[in-house]
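> Just passing along the structure, written as structure tokens.
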Amino acid sequence: MSTETGADPRPTGDGNPSSRLSVLDRTLYTLFASEADAARHGAHREQYRGTDLGVGFDVYVARLHGLAWLAALLAVLPTLTLAMAMPAGAYDALARLLSRVAPIAAVPRPPRLLVGVAVGSVVGFATRRGVVALGGRYLGWLADARQADIERTLPGAVRYLHALSSGADGPREMLRKVAENDAYGETAVAARKVLNTAALTGSLGEGLRRVARDTPSRDTLAPFLLKFREHGQQGGDALANYLGLEARMLGHQRSQAQRRNEGFLELIAELFVVLLVMPALLVVVLTVMSVLAPGLSTPTATPLGSITPRAALIYGAAGFVLLVGAGAASTVGRLRPTERQVTYNCPDSVLGTLRSALTNPASAAVVLAPLAVLGTTVGHVSGLHPLASLLAGYVTWGVPVGAVAIRRARIDDAKDREIQEFVHAVSGHVGLGKPFGEAVELVAEDVDLGPLGPDVASLAFDLSLSDSPGGTDRRTAALDRFVDRVGTPLAAQTMGLVTGALDAGSDTEAVFETLQTEVGQLYHEKQALRSDLAVYVAVGWVTALLVVAIVVAVDVYVLDGFSQLSAMPGSAGFALAPDAIQPARERFRFAVVAVATAIAAGWFAGMASRGPYDALLHSSLLGALAAAVFAGVGLA
């Protein structure tokens, strides 16, 4: 078991679960831990080695099988309910069908319970096996995502190492500086694992060898680590020459990595289709078909009051769609490149939170929280259904918070554009022999950097203090404060290179030559990723609108026909109660399912766009749009 540098200890590897596991985890481990040794999990174990999960493989398999049995149970119960509520004519038709294919002359009508148990067993078995297979595939997705992340961040990390190699740092300290820079994503994680293993074994070479063995990037990171080990043993000059050559070689491989990243984005689309679109369409079909089973309208007493099986299925299906949407959005967020994700935090003081409410989405979410209560209360007072009141509160809070997030994103984009100009301008002055602090001061005075200008002016002032004792620490602190003020991943990546390289005593001019290449490449990658993910934002919106259109069409053209059918109980051999279908009630339930699907699709679209706050905005807008459509056509 190992821990990462700067992180809390946590169980990793294939060992037994630690005492810090929850009671549920320990229970699942006791029940299902032996499944990890099954032959069908052999390939999953290899995929697990390429992930960075916070639990051991045995614990993950135990959780997976526990979830699989729970999903099977949830699939069996509705199946039994439908089987027991189906009209008698359906079982007669089944008996006639069996009599045509059976070797005997006649087949008696099968008992309801027998049919329910048989079909439920098949559905439960298929569900359990499907969840287990999906859990194994999830490990593959994580490994593929880590591989794509490594291949995207390794070139920058190698250029950083090359800049460090001109200073006085040795191989271990160079890797430590990469590990401390979260901007290098999974490459930084790999460097932390190398250092952790080296601390346990006492050998940096052994740490490099083990990580090269387990990494999912077998064609890129693994050979780099082994060659880094080999050249590091030959001396500083050999390592510096190798890093310079490797940096150029990796730069030529970017086109191939881009094609692999496109395949990774296709995996995200497949995940969306499987986990969100298909369940949503299935809910619509199930809702329509449930009208044919009058037994589903029989009230059942519960501790919370009577409810019909049909209502439980419909509202349960809506809840299931929300869970699927949340799971899909969470998975997309986990699979997105970590170095492109922006994290917002509230200031420590209440006054600071209030002041930053218009530019910080985290502050806005706290300050505008009363709007959710206000919207829910107004909806309740207006006589809306409780679910509609909750939607009103969600939209009232989500739209303004999302608007603040969009505003902040535009400011961040503008700063990222100006960082390129800032780096090029500083590099020009450094190339003329001026010190770094003086170069920043000249740029702050002479160059119009737009929204980045105040941050650069503050950096110039902080750097002017670095001539005093402890100047190196002051310079590092000044650059750290500059990164915090700018608050974008691009700033962290570029300024992190400057901080580490200058602290190592590297040549300043060489550092800024590397930095110019790095900032241009990083900005290009950021724009390319946004263009690629914009397609999936559109997919989320189109999916939501398509499901809403399908439900509206069912409401308008199908539901009335079933209502007329229920008024003729003797027709078509079905025994339908005259009041089995109440159009107003069914339309509201259809609207609940459609709005839930729209919200789930909004979560997916927002996470594919920029992150959680965009997910809040997209889901609020789509939920409000779906509700407005149903209200506008008189269906809710």
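Each chain in the structure tokens gets a letter, A, B, ..., in the order shown, and its residues are numbered from 1; ligands are numbered from 1 in order too.
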List as a ChimeraX atom specification the protein and nucleic acid residues near stretch 183-196 of chain A, meaning an atom at most 9 Å away when only C-alpha atoms are counted, but skip any in the same chain fewer than 3 places from it.
/A:2-5,52,146-147,149-154,156-157,172,175-180,199-201,204-212,215,221,337-340,489-490,492-494,496
> Write out as a PyMOL selection string which residues come within 10 Å of A:Ala405 when counting only C-alpha atoms, dropping same-chain ones fewer than 3 positions away.
chain A and resi 344+358-362+364-365+399-402+408-411+610-614+616-617
> So that I have them on file, write out the residues from the current selection with C-alpha atoms, as a compact mmCIF listing (two decimals), in the first residue's frame.

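Okay, this is what ended up in again39.txt:
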```txt
# COMPACT_ATOMS: atom_id res chain seq x y z
CA TYR A 344 -13.73 27.56 -7.83
CA LEU A 358 -20.68 38.25 -9.51
CA THR A 359 -17.38 36.69 -10.62
CA ASN A 360 -17.04 33.47 -8.60
CA PRO A 361 -19.64 30.73 -9.26
CA ALA A 362 -18.94 29.09 -5.90
CA ALA A 364 -22.78 32.90 -6.28
CA ALA A 365 -24.10 29.44 -5.43
CA VAL A 399 -29.94 30.04 -14.07
CA PRO A 400 -28.32 33.04 -12.29
CA VAL A 401 -25.55 30.88 -10.81
CA GLY A 402 -24.89 29.43 -14.25
CA ARG A 408 -16.34 34.07 -15.25
CA ALA A 409 -15.49 31.66 -18.07
CA ARG A 410 -15.39 34.55 -20.55
CA ILE A 411 -13.07 36.49 -18.24
CA ARG A 610 -16.98 23.24 -18.76
CA GLY A 611 -17.99 21.48 -15.57
CA PRO A 612 -20.49 21.40 -12.71
CA TYR A 613 -21.67 25.00 -12.90
CA ASP A 614 -22.32 24.72 -16.62
CA LEU A 616 -26.37 23.48 -13.44
CA LEU A 617 -27.07 26.10 -16.11
```
> Grab the atom CA of A:Ser165 to atom CA of A:Asn181 distance for me, in Å with one decimal place.
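Distance between the two atoms: 16.6 Å.
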> Produce a table with one row for each residue of stretch 305-383 of chain A that has an atom at most 7 Å from any atom of stretch 596-607 of chain A, each row naming the nearest atom pair and its distance in Å at one decimal; use only C-alpha atoms; arrange rows by chain and rising residue number; format as a tab-separated table.

```
residue	atom	partner	partner_atom	distance
A:Ala318	CA	A:Ala596	CA	5.8
A:Val321	CA	A:Thr597	CA	6.1
A:Leu322	CA	A:Ala600	CA	5.4
A:Gly325	CA	A:Ala600	CA	4.3
A:Ala326	CA	A:Ala600	CA	6.6
A:Ala328	CA	A:Phe604	CA	6.5
A:Ala329	CA	A:Phe604	CA	4.6
A:Val332	CA	A:Met607	CA	6.5
A:Gly333	CA	A:Met607	CA	5.8
```
> Can you build me a table of stretch 115-224 of chain A residues sitting at most 7 Å from stretch 27-47 of chain A, with the closest atom pair per residue and its distance in Å to one decimal, using only C-alpha atoms, sorted by chain and residue number, as a tab-separated table?

```
residue	atom	partner	partner_atom	distance
A:Gly136	CA	A:His44	CA	5.6
A:Leu139	CA	A:Gln47	CA	5.9
A:Gly140	CA	A:Gln47	CA	5.8
A:Ala143	CA	A:Gln47	CA	6.4
```
> Just N, CA and C atoms for this one: save the residues we selected as a PDB file, in the first residue's frame.

```
ATOM      1  N   GLY A 136     -16.519  -3.689 -15.439  1.00  0.00           N
ATOM      2  CA  GLY A 136     -15.223  -3.992 -16.035  1.00  0.00           C
ATOM      3  C   GLY A 136     -14.879  -3.034 -17.157  1.00  0.00           C
ATOM      4  N   LEU A 139     -13.492   0.253 -15.908  1.00  0.00           N
ATOM      5  CA  LEU A 139     -12.049   0.246 -15.650  1.00  0.00           C
ATOM      6  C   LEU A 139     -11.277   0.511 -16.936  1.00  0.00           C
ATOM      7  N   GLY A 140     -11.754  -0.087 -18.035  1.00  0.00           N
ATOM      8  CA  GLY A 140     -11.101   0.165 -19.317  1.00  0.00           C
ATOM      9  C   GLY A 140     -11.200   1.616 -19.731  1.00  0.00           C
ATOM     10  N   ALA A 143      -8.732   3.578 -17.659  1.00  0.00           N
ATOM     11  CA  ALA A 143      -7.370   3.360 -18.146  1.00  0.00           C
ATOM     12  C   ALA A 143      -7.143   4.096 -19.460  1.00  0.00           C
TER      13      ALA A 143
END
```
> With distances taken over only C-alpha atoms, which of A:Val486, A:Val552, A:Val519, A:Ala71 is nearest to A:Thr127?
A:Ala71
> Within 8 Å of A:Val483, counting only C-alpha atoms, which residues show up once you throw out same-chain ones fewer than 5 positions away? Write them as a list of chain:residue names, please.
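Counting only the stated atoms, we get A:Thr488, A:Ala491, A:Ala492, A:Met495.
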> So which one's closest to A:His424, A:Ser609, A:Gln233, A:Gln516, A:Ser330? Using only C-alpha atoms, please.
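Using only C-alpha atoms, the shortest distance to A:His424 belongs to A:Gln516.
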> Could you tell me how far atom CA of A:His65 lies from atom CA of A:Val122, in Å and to one decimal?
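Atom CA of A:Val122 lies 17.4 Å from atom CA of A:His65.
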